[in-house]
Each structure stands twice: as structure tokens, then as C-alpha cells.
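The structure appears right after this line, and notes come after that.
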Amino acid sequence: MNIDHRTSSPTFPNADSLCEDCGYVLNGLQPDGNCPECGMPIVESSPTKRTGPRWHAQPNPTTALEVCIELLLKPNQFFRMMRVDGSNVTARLFLLLTCLFIALIWFYAVWGRSMSNGSTTWAMIQGLLACDITIILTYIEAIGVVYFSRRRGWRIPFKLAERIACYSSIGWVPAALIMLWALAQLNNGNIDRWMSSLLPAWEYWQSLALMVLCFAVAMMWFEVLVWLGVRQAKYANS
């Protein structure tokens, strides 16, 4: 890596620099030019563009809410500005906050419905299970991102995949709400009544299969956020 001794900081582009749009090697090219492959201004691939959200430097409820809003309204912009170097502590903390929020939603929903018979202990167990499952599925997704990145030649090691998945975990919140509603309908027998009126041969195991399909649809927001994050960071420069 070339070093500018006047500033004691890496120059750009350097031997590790890629065009963040197409992956073209930018080594030796002038920063004020354009990528020869896709035409994007080379300066747009500078790591100085990746300042990251305020949450990185100031993790607090206000900046956490800012991250949620940005991921909801401008996910491409968020992942384009997300830093790809440094520690993953704040990303993991964001995942933890998301999981705790899901656990609280699940606890109060189960505790207040007849599906739990009003059992506080059972509601707490389900809330903790929802939290654990969210963490497990998030890291399974991160492993999957690394696998497909290696096959496609993208520059996404596990550390970066973990960061993308942790921030995308906000997508599990609507999935949890949808599944709570669906499970409530299943336990109240509404699904069996609705479907048996349409299909007389409808059976309970088919309702369970419908729950699996419902979960697959519910997790699409999370999957879309991960895909957008990978798309914006697959050739990121640190």
C-alpha cells in the first residue's frame, strides 16, 4: 500500500482498491478520473465516503433509532456509507437490541393471549426462544453470505457479512409480528375454519405447513436488507 508521508495516511487508489460498483482494480489510476469498466467516478469508491452512522461513535437510543429509520427509508444509502473496517461491537449491540425488542413483543403478546393460558413463565420462555432463534438465524445468514461471496468473487469476509446481517436484523421485527398473528390464528382454530370452508379436505398438518410458508414470506424483509447490504459492500474499500 502506498503511503503519503506528508499525511501519514494511505493514498487512494492503492493496490487494494476496487471500484465499488463493478470491482475493477483501481491501482495506479487518478482519483479524479472514472472507472474504465463502468464509468463511475473513482472518488466514489474512496473509503473516506464510508463514514458510517453516528451509532458507530455514539451508541445510544437516539442513534439506534436513526439507524432503524435509515434502514427502513434509505437502506441503500445506509449500506453505501457503512464502514467495513474496525470492530463489530456496535453492530452486535444493534442485533442484541433488536432481539430484546422482539423478545419483549413476543412475551407481551403470548402473555396476553389465551394461547399461553396466561402463564408468565411460558411467555418468558417463548420470548427468550424468539430472541435466541433471531440470533441463530442472523448468524446462519452471515455464514451463507460468506459462502456465496466466495463463489462469486466478492470481497465479503465473515466479519463484514456479520456486520451486514446484524444491521439487517431489524427486518426480523415485522417477521415476528406476522408470526405472532399467524400463530394466534392457528391456536384459535381460525385457520382451520377458514381453509376448511374453502377446501373440505383441509387437515391440521396442512395448517402447520402454511405456518412454515408464512414464516418464509415474513422473513423476506430481512433477506432483502441483507441483499442490499451485500450489493453495496461486495467490493467495499476499507
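Here's how to read the names in the C-alpha cells: chain A, B, ... by the order shown, residue numbers from 1 in each chain, ligand numbers from 1 in the order shown.
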Exercise. From range 73-180 of chain A, collect each residue whose DSSP state is helix (DSSP H, G or I) and return the set as number ranges by chain.
Key: A: 73, 75-81, 89-111, 114-116, 120-152, 158-180
Quiz item: Which polymer residues have any atom within 9 Å of an atom of Ser168 in chain A, counting only C-alpha atoms, with same-chain residues fewer than 3 positions away left out, as an MDAnalysis selection string?
Solution: chainID A and resid 71 95 138 163:165 171:172 221:226 229
Quiz item: Which residues, written as number ranges by chain, have at least one atom at most 7 Å from Pro31 in chain A, with only C-alpha atoms counted and residues fewer than 3 positions away on the same chain left out?
Solution: A: 12-13, 42-43
Practice problem: Apply DSSP to the structure's backbone, then extract all residues of range 3-219 of chain A labelled strand (DSSP E or B) and return them as a ChimeraX atom specification. | Solution: /A:3-4,9-10,18,25,34,41
Store the residues picked out above in a file with N, CA, C and O atoms, as a short mmCIF file (atom, residue, chain, number, x, y, z; two decimals), in the first residue's frame.
```cif
data_model
loop_
_atom_site.label_atom_id
_atom_site.label_comp_id
_atom_site.auth_asym_id
_atom_site.auth_seq_id
_atom_site.Cartn_x
_atom_site.Cartn_y
_atom_site.Cartn_z
N ILE A 3 2.01 4.99 0.76
CA ILE A 3 1.80 5.87 1.90
C ILE A 3 2.22 7.29 1.54
O ILE A 3 3.30 7.51 1.00
N ASP A 4 1.35 8.22 1.79
CA ASP A 4 1.68 9.63 1.64
C ASP A 4 2.30 10.10 2.94
O ASP A 4 1.62 10.25 3.95
N SER A 9 -1.04 8.77 5.96
CA SER A 9 -2.27 8.01 5.75
C SER A 9 -2.22 7.35 4.38
O SER A 9 -1.53 7.82 3.48
N PRO A 10 -2.90 6.23 4.19
CA PRO A 10 -2.89 5.55 2.90
C PRO A 10 -3.44 6.44 1.79
O PRO A 10 -4.39 7.17 1.99
N LEU A 18 -10.73 -1.29 -5.15
CA LEU A 18 -11.59 -1.77 -6.23
C LEU A 18 -12.69 -0.74 -6.47
O LEU A 18 -13.07 0.00 -5.56
N VAL A 25 -10.08 -3.20 -10.67
CA VAL A 25 -8.91 -2.82 -9.86
C VAL A 25 -8.51 -1.39 -10.21
O VAL A 25 -8.22 -1.08 -11.37
N ASN A 34 -12.50 8.38 -13.92
CA ASN A 34 -13.62 7.47 -13.87
C ASN A 34 -13.15 6.03 -14.02
O ASN A 34 -12.08 5.77 -14.59
N PRO A 41 -17.35 7.59 -11.16
CA PRO A 41 -16.20 8.38 -10.66
C PRO A 41 -15.40 7.58 -9.63
O PRO A 41 -15.98 7.01 -8.70
#
```
Quiz prompt | Contact residues around Arg50 in chain A with only C-alpha atoms at 6 Å, ignoring same-chain residues under 2 positions, as a VMD selection string | solution = chain A and resid 47 to 48 52 81 to 83
Quiz prompt | Distance query Phe107 in chain A at most 8 Å, only C-alpha atoms, self and fewer than 5 positions along chain excluded, as a list in words | solution = Ala123, Met124, Gln126 and Gly127 of chain A
Self-check item: Residues near Ser149 in chain A, cut-off 9 Å, only C-alpha atoms, skip fewer than 6 positions along chain, as an NGL selection string
Solution: :A and (155-157 or 230 or 234)
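Here CA of Ser238 in chain A is placed at a distance of 13.9 Å from CA of Asn88 in chain A.
Nearest to Gly23 in chain A of all the residues A:Ile191, A:Ala236, A:Leu72, A:Val146 is A:Ala236, based on only C-alpha atoms.
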Self-check item: Closest of A:Phe215, A:Tyr167, A:Tyr147, A:Tyr235 to Ala91 in chain A - atom-to-atom distances counting only C-alpha atoms
Solution: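 Residue with the minimum atom-to-atom distance to Ala91 in chain A: A:Tyr167.
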Practice problem: Please identify all polymer residues within 8 Å of Leu183 in chain A, counting only C-alpha atoms, omitting same-chain residues fewer than 4 positions from it, and present them as a list in words. | Solution: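 Surrounding residues, per the criterion: Met179, Asn187 and Met211 of chain A.
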Would you output that residue set with N, CA, C and O atoms, as a PDB file, in the first residue's frame?
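Done, and the output landed in again18.pdb:
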```pdb
ATOM      1  N   MET A 179     -45.668 -13.536  12.476  1.00  0.00           N
ATOM      2  CA  MET A 179     -45.742 -14.896  13.013  1.00  0.00           C
ATOM      3  C   MET A 179     -46.594 -14.943  14.274  1.00  0.00           C
ATOM      4  O   MET A 179     -47.310 -15.927  14.508  1.00  0.00           O
ATOM      5  N   ASN A 187     -53.762 -21.233  16.764  1.00  0.00           N
ATOM      6  CA  ASN A 187     -54.169 -21.755  18.064  1.00  0.00           C
ATOM      7  C   ASN A 187     -55.652 -21.527  18.356  1.00  0.00           C
ATOM      8  O   ASN A 187     -56.266 -22.289  19.098  1.00  0.00           O
ATOM      9  N   MET A 211     -47.899 -22.437   8.154  1.00  0.00           N
ATOM     10  CA  MET A 211     -47.108 -21.615   9.064  1.00  0.00           C
ATOM     11  C   MET A 211     -45.665 -21.493   8.574  1.00  0.00           C
ATOM     12  O   MET A 211     -45.045 -20.426   8.670  1.00  0.00           O
TER      13      MET A 211
END
```
Self-check item: Separation of CA of Ala216 in chain A from CA of Leu177 in chain A, in Å and rounded to one decimal
Solution: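 Taking CA of Ala216 in chain A and CA of Leu177 in chain A, their separation equals 13.4 Å.
Of the residues listed (A:Met220, A:Ile170, A:Cys19, A:Cys68), A:Cys19 shows the shortest atom-to-atom separation from Gly33 in chain A; distances use only C-alpha atoms.
Proximity to Leu100 in chain A was assessed for A:Ser169, A:Leu26, A:Leu160, A:Trp55 counting only C-alpha atoms; the smallest distance is recorded for A:Ser169.
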